[in-house]
Amino acid sequence: MNISPIDFYYFPLSAPCRAVDMVAGHLDIPLKKKFVNTWQGEQLKSEFLKLNPTHTVPTINDSGFVLWESRAIITYLADLYGKDDVFYPSNRRKRAVVDRMLYFDMGSLYRAIIDFQIPIMFRGEEPDAGKERVLLEKLAFLEQFLTDYPYVAGENLTVADLSILASVTFLEAIDFTLSSFPKIEAWLQRLRKELPYYQERNQDAIEEGKRMLSERK
Amino acid sequence: MTIDLYHMAPSGPCRAVRMVAKIIGVDLNLKNVDLMAGEQNKPEFLKMNPQHCVPTIDDDGFILWESRAIIQYLVNKYAPDSSLYPKDPRQRAVVDRLLYFDMGTLFKAQGEYFYPQVFKGQDPDPEKESNYKTALGYLEGNLEKSSYVAGDKLTLADISIVASLSMMEVLDYKFSSFPKISAWMAKVKEEIPDYKAMNDEPLQGFKAWVKSKKPQ
């Protein structure tokens, strides 16, 4: 399939942006990358507000169709440009489990990561015990899911793995250890090896983000 | 066939599932889970849903939770041609975008403002209200462009968001500074069959409970 390049507005350290980048890599969708420095307020420029009034990244522009919310973007890309029926399955039950995990990521896991991590990362605060407890509880749910199955939504790699992978690896920016979650660690190791685009689209972006973070301090 | 719905009546996400099922004509066998009494932590429930949250459904052995995943599943399975969840990838993506906006921005900001008031009896926090109003402002902007949140037809996103916002009736919170939201909510409530029984009644019960907890 010949796919025209999609405009991709992103910020490197942002987990939802890395998720979209990895999904595009998985589906061989060409991206025209447009760096939006949200630390400098570039998302509030009028050109960007015209595209996305909620001024969030990631945002894509697919030949005039503008979309934001990373998880809506990745399911849209997989629906439209999917190569198989596994990555975002059409089987209703399987799809529902993938969707369930995307909502788990957004509402439980990634939210707990952000709540815990942002004050440490940006304001140099000490880790908050209450927020850490919530985070550990959400990680324990993920550990449970990965005890039952090799991937977060079942027997195969799906968009939900990449969304959650981007979220969990955000913790690398504060060197948070996952050693008490062996299933999550094993899943991470496996994906790092399995995904040919992992280094460029996730690891390098995190390193770039960490570099920016150290310059900011 | 009937689907079991484990729910707590006033919960917004639980009400969203009931409203969608009603519209597409799917019968639900309601099973109350009293979260205040910790019933979600009983072993039978944990075996079904280790994340112990409601709503949870059991559709002939298929267990699913996360309200927005449930309503997507119900339409995909039982009303695949319904305009509630359009098949066109772009239209569908806009519905999904608003479901994620509801969960991650709107319902989140609302909860941070609402829960400390109803469960801890705290005074309204102006900063939390300001965040909530920012989220409402995005929705208002959306409704300036189209008659429903995701276009010109009623979709899952309208139902999910109405379920969220109606929670504020417990505090008699008015959306008067958001005229588009106010008008759209009134219209959507009219369109949903049995709206009152599924929403107003449990919310009134919740409101009475909140009042009874308040020191006189």
# chains A, B, ... in the order shown; residues from 1 in each chain; ligands from 1
call {"tool": "residues_around", "arguments": {"residues": "range 78-87 of chain A", "least_positions_apart": "4", "cutoff": "8 Å", "atoms": "only C-alpha atoms", "output": "ChimeraX atom specification"}}
result
/A:23,27,29,74,156-159 /B:89
call {"tool": "write_last_selection", "arguments": {"atoms": "N, CA, C and O atoms", "output": "CSV table (one decimal), in the first residue's frame"}}
result
chain,number,residue,atom,x,y,z
A,23,VAL,N,3.6,2.8,16.7
A,23,VAL,CA,2.5,2.2,15.9
A,23,VAL,C,2.7,2.5,14.4
A,23,VAL,O,2.6,1.6,13.5
A,27,LEU,N,3.3,-0.2,11.4
A,27,LEU,CA,2.5,-0.3,10.2
A,27,LEU,C,3.2,0.3,9.0
A,27,LEU,O,2.6,0.4,7.9
A,29,ILE,N,3.9,3.3,8.3
A,29,ILE,CA,3.3,4.5,7.9
A,29,ILE,C,4.3,5.7,7.9
A,29,ILE,O,4.9,5.9,8.9
A,74,ILE,N,-4.0,5.7,17.4
A,74,ILE,CA,-3.4,4.4,17.1
A,74,ILE,C,-4.5,3.4,16.6
A,74,ILE,O,-4.2,2.6,15.7
A,156,ASN,N,-1.3,-12.2,21.5
A,156,ASN,CA,-0.6,-11.5,20.4
A,156,ASN,C,-0.3,-10.1,20.8
A,156,ASN,O,-1.0,-9.5,21.6
A,157,LEU,N,0.7,-9.6,20.1
A,157,LEU,CA,1.0,-8.1,20.3
A,157,LEU,C,-0.1,-7.3,19.6
A,157,LEU,O,-0.5,-7.5,18.5
A,158,THR,N,-0.6,-6.3,20.4
A,158,THR,CA,-1.6,-5.4,19.9
A,158,THR,C,-1.2,-3.9,20.1
A,158,THR,O,-0.2,-3.7,20.8
A,159,VAL,N,-2.0,-3.0,19.6
A,159,VAL,CA,-1.8,-1.6,19.9
A,159,VAL,C,-1.7,-1.3,21.4
A,159,VAL,O,-1.0,-0.4,21.8
B,89,PRO,N,-14.0,5.0,9.3
B,89,PRO,CA,-12.9,5.1,10.2
B,89,PRO,C,-12.7,6.5,10.8
B,89,PRO,O,-12.3,6.7,12.0
call {"tool": "interface_residues", "arguments": {"of": "chain A", "to": "chain B", "cutoff": "8 Å", "atoms": "only C-alpha atoms", "output": "PyMOL selection string"}}
result
chain A and resi 53-54+65+67-69+71-73+75-76+79-80+92-93+95-97+99-100+103-104+106-107+141
call {"tool": "atom_distance", "arguments": {"atom1": "CA of Asp152 in chain B", "atom2": "CA of Gln110 in chain B"}}
result
25.6 Å
call {"tool": "select_by_dssp", "arguments": {"residues": "range 25-198 of chain B", "states": "strand (DSSP E)", "output": "list of chain:residue names"}}
result
B:Leu28, B:Asn29, B:Leu30, B:Lys31, B:Asn32, B:Thr56, B:Ile57, B:Asp58, B:Asp59, B:Phe62, B:Ile63, B:Leu64, B:Trp65
call {"tool": "closest_residue", "arguments": {"among": "A:Pro16, A:Pro127, A:Pro150, A:Pro196", "to": "Pro58 in chain A", "atoms": "only C-alpha atoms"}}
result
A:Pro16
call {"tool": "atom_distance", "arguments": {"atom1": "CA of Lys183 in chain A", "atom2": "CA of Asp148 in chain A"}}
result
9.9 Å
call {"tool": "atom_distance", "arguments": {"atom1": "CA of Phe122 in chain A", "atom2": "CA of Gln40 in chain A"}}
result
14.1 Å
